[in-house]
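Contents: one structure, followed by commentary.
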Amino acid sequence: MSALPYALPASDSGSSNLSPACVRPPVAEARRIVVKLGTRVLSEDDGSVAVGRLSSLLATVAALLQNGRQVVMIMSGAVSLGRAVLGLPDVPREGAMRQACAAVGQARMTDLYRRIFDGLGVLSAQVLVVQGDFDDRARRSRLQQALEALINRGVVPVLNENDAVAREGIGRSRPVTFDDNDRLAALVAASTQADLLALLTDVEGVYERDPRDHPDARPLTRVDTAALSVEAGGPGTAESRGGMRSKLAAAEIARGAGCHVVIASGRSAGTFSHLVAGEDRGTWLLPRIPAVDCQPGGTA
Ligand code: GLU
């Protein structure tokens, strides 16, 4: 991970290649970026895949690669697409039919992004994982090695949970699935030592109050403090198992690993390309600075 300044204003950053609209130099200078596209970003309101939106987001990824950045993607949408293909009225939240939807939808999602990336001259690779790949040190190490090998060849790894085989975690003391892909994205950002995690969703950022209950609530621009105290909601739709609560929990994992996080809308055209340029889009959460050990005999 590159050593980036935490909160320098643009004028103090010393960087000359930043656009005048850049107010987040560490974000603009992030070399390794993990970007998560949620189901609501990848789907239209009628449940069909938002191909135009996906194409535009992948074009931004291609531009980042051209610019010497490294990109790892986390892409949801498999279960939702599988539901539509199988003609089910609702997205199954658990069980064999959810697994079946994932198996049907994943193959189609992979085919879709592979074709779009091919058209952009970008090589992509599918990597399906389960929680156990992070819990077990040897498996986590093999995953990291595979991701590094892909990244170093200029390939964009596209990860998703292997929902066709993942077991539900209900009633267990520790999670056995990711529930949603926010935590997966954070674990990938932490284990690949990414500089930036972009969680793209269907809202403009983190609000002080749940905007579904408080329509006048405004998104926060920046969060520096160690503990973020906001009123965060759960999933907003049946298609997605995430919600702001899971994004903030994921952000804490990534921030603790020294990663900058931006939570922003992946539905608003151009937001992703503006945010990676360090412009004021979504909510920027700065890395948590490790506590200094002031105890006698401590190292600091
Ligand atoms: N892994 C799930 C999928 O690909 C994610 C579901 C969600 O967005 O919560 O469909």
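The way I read the labels, and the way they are meant: chains A, B, ... in the order of the structure tokens, residue 1 as the first residue of every chain, and ligand 1 as the first ligand shown, with later ones counted on from there.
Using only C-alpha atoms and all ligand atoms, residues with at least one atom at most 6 Å away from any atom of ligand 1 are Gly38, Thr39, Ser76, Gly77, Ala78, Val79, Ser80, Asn160, Glu161, Asp163, Asp180, Asn181, Ser240, Arg241 and Gly242 of chain A.
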Mind checking which residues fall within 12 Å of stretch 94-103 of chain A, counting only C-alpha atoms, ignoring those fewer than 3 positions away in the same chain, and posting them as a ChimeraX atom specification?
/A:76-88,90-91,106-110,128,160-170,177,179,238-239,241
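Pairwise distance (atom CA of A:Ser48, atom CA of A:Leu112) equals 12.7 Å.
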Point out the residue among A:Gly105, A:Val262, A:Ile116, A:Phe134 with the least atom-to-atom distance to A:Ala277, counting only C-alpha atoms.
A:Val262
Which residues come within 12 Å of A:Asp133, counting only C-alpha atoms, excluding same-chain residues fewer than 2 positions away, as a ChimeraX atom specification?
/A:127-131,135-144,161-162,166,176-178,184,187-188,191
Using only C-alpha atoms, which protein or nucleic acid residues come within 12 Å of stretch 193-196 of chain A? Drop anything in the same chain fewer than 6 positions from it, and give the result as a PyMOL selection string.
chain A and resi 1-6+24-36+69-73+144+147-148+151+185-187+251+253-263+275-278+284-287
Write the residues of the preceding selection, restricted to C-alpha atoms, as a CSV table (one decimal), in the first residue's frame.
```csv
chain,number,residue,atom,x,y,z
A,1,MET,CA,0.0,0.0,0.0
A,2,SER,CA,1.3,3.4,-0.8
A,3,ALA,CA,1.9,5.8,2.1
A,4,LEU,CA,-0.8,8.4,1.5
A,5,PRO,CA,-1.4,11.5,3.6
A,6,TYR,CA,-4.6,11.3,5.6
A,24,ARG,CA,-9.7,14.2,-1.6
A,25,PRO,CA,-6.1,13.8,-2.7
A,26,PRO,CA,-5.6,10.4,-1.0
A,27,VAL,CA,-8.6,9.1,-2.9
A,28,ALA,CA,-7.4,10.5,-6.2
A,29,GLU,CA,-3.9,9.0,-5.6
A,30,ALA,CA,-5.1,5.6,-4.6
A,31,ARG,CA,-3.1,3.0,-6.6
A,32,ARG,CA,-5.1,-0.1,-5.7
A,33,ILE,CA,-8.8,0.2,-5.7
A,34,VAL,CA,-11.5,-2.3,-4.7
A,35,VAL,CA,-14.9,-1.4,-6.0
A,36,LYS,CA,-18.1,-3.1,-5.0
A,69,ARG,CA,-4.2,1.9,-11.3
A,70,GLN,CA,-5.0,-1.6,-10.2
A,71,VAL,CA,-8.7,-2.6,-9.8
A,72,VAL,CA,-10.4,-5.5,-8.0
A,73,MET,CA,-14.2,-5.7,-8.3
A,144,GLN,CA,-4.3,-13.5,-1.8
A,147,LEU,CA,-5.5,-12.2,-6.6
A,148,GLU,CA,-1.9,-10.8,-6.7
A,151,ILE,CA,-3.5,-8.0,-10.6
A,185,ALA,CA,-15.4,-6.2,-0.4
A,186,ALA,CA,-13.9,-5.0,2.9
A,187,LEU,CA,-12.1,-8.3,3.5
A,251,ALA,CA,-16.2,0.3,6.2
A,253,ILE,CA,-13.0,-3.4,8.6
A,254,ALA,CA,-11.4,-1.6,5.7
A,255,ARG,CA,-10.6,1.6,7.7
A,256,GLY,CA,-9.0,-0.5,10.4
A,257,ALA,CA,-6.7,-1.9,7.7
A,258,GLY,CA,-5.6,1.6,6.7
A,259,CYS,CA,-7.9,1.8,3.6
A,260,HIS,CA,-9.8,4.9,2.6
A,261,VAL,CA,-13.5,4.2,1.9
A,262,VAL,CA,-16.1,6.1,-0.2
A,263,ILE,CA,-19.7,5.1,0.0
A,275,LEU,CA,-15.1,10.0,-7.0
A,276,VAL,CA,-11.9,8.2,-8.1
A,277,ALA,CA,-10.7,11.6,-9.3
A,278,GLY,CA,-11.0,12.7,-5.6
A,284,TRP,CA,-15.5,9.7,2.4
A,285,LEU,CA,-14.4,7.7,5.5
A,286,LEU,CA,-10.7,8.1,6.3
A,287,PRO,CA,-8.6,5.2,7.7
```
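Take the candidates A:Ala198, A:Leu37, A:Ala21, A:Val155 and check each one against A:Arg53 using only C-alpha atoms; the shortest distance goes to A:Leu37.
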Taking 4 positions as the minimum chain separation for residues in the same chain, which residues sit within 8 Å of A:Arg218 when counting only C-alpha atoms? Answer as an MDAnalysis selection string.
chainID A and resid 207:208 211
Extract the full set of alpha helix (DSSP H) residues from stretch 44-235 of chain A according to DSSP on the backbone, and format it as a VMD selection string.
chain A and resid 51 to 66 78 to 86 96 to 119 132 to 135 137 to 152 181 to 191
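Distance-wise, atom CA of A:Ile74 and atom CA of A:Arg209 end up 27.1 Å apart.
Between atom CA of A:Lys247 and atom CA of A:Ala149 the interatomic distance comes to 28.0 Å.
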Once DSSP has gone over the backbone, tell me which residues of stretch 12-135 of chain A are in strand (DSSP E), as an MDAnalysis selection string.
chainID A and resid 32:37 70:75 124:129
Selection above as a file: C-alpha atoms, as a compact mmCIF listing (two decimals), in the first residue's frame:
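Heads up, here's the output in part-v3.txt:
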```
# COMPACT_ATOMS: atom_id res chain seq x y z
CA ARG A 32 -5.06 -0.12 -5.73
CA ILE A 33 -8.83 0.23 -5.73
CA VAL A 34 -11.46 -2.29 -4.68
CA VAL A 35 -14.90 -1.41 -6.02
CA LYS A 36 -18.11 -3.12 -5.04
CA LEU A 37 -21.21 -2.97 -7.22
CA GLN A 70 -5.04 -1.61 -10.15
CA VAL A 71 -8.68 -2.57 -9.76
CA VAL A 72 -10.41 -5.47 -8.01
CA MET A 73 -14.18 -5.74 -8.34
CA ILE A 74 -16.86 -7.26 -6.18
CA MET A 75 -19.98 -7.81 -8.22
CA SER A 124 -11.18 -10.03 -16.39
CA ALA A 125 -11.36 -13.13 -14.22
CA GLN A 126 -14.09 -14.66 -12.08
CA VAL A 127 -13.24 -15.59 -8.48
CA LEU A 128 -16.00 -17.11 -6.33
CA VAL A 129 -15.32 -17.36 -2.62
```
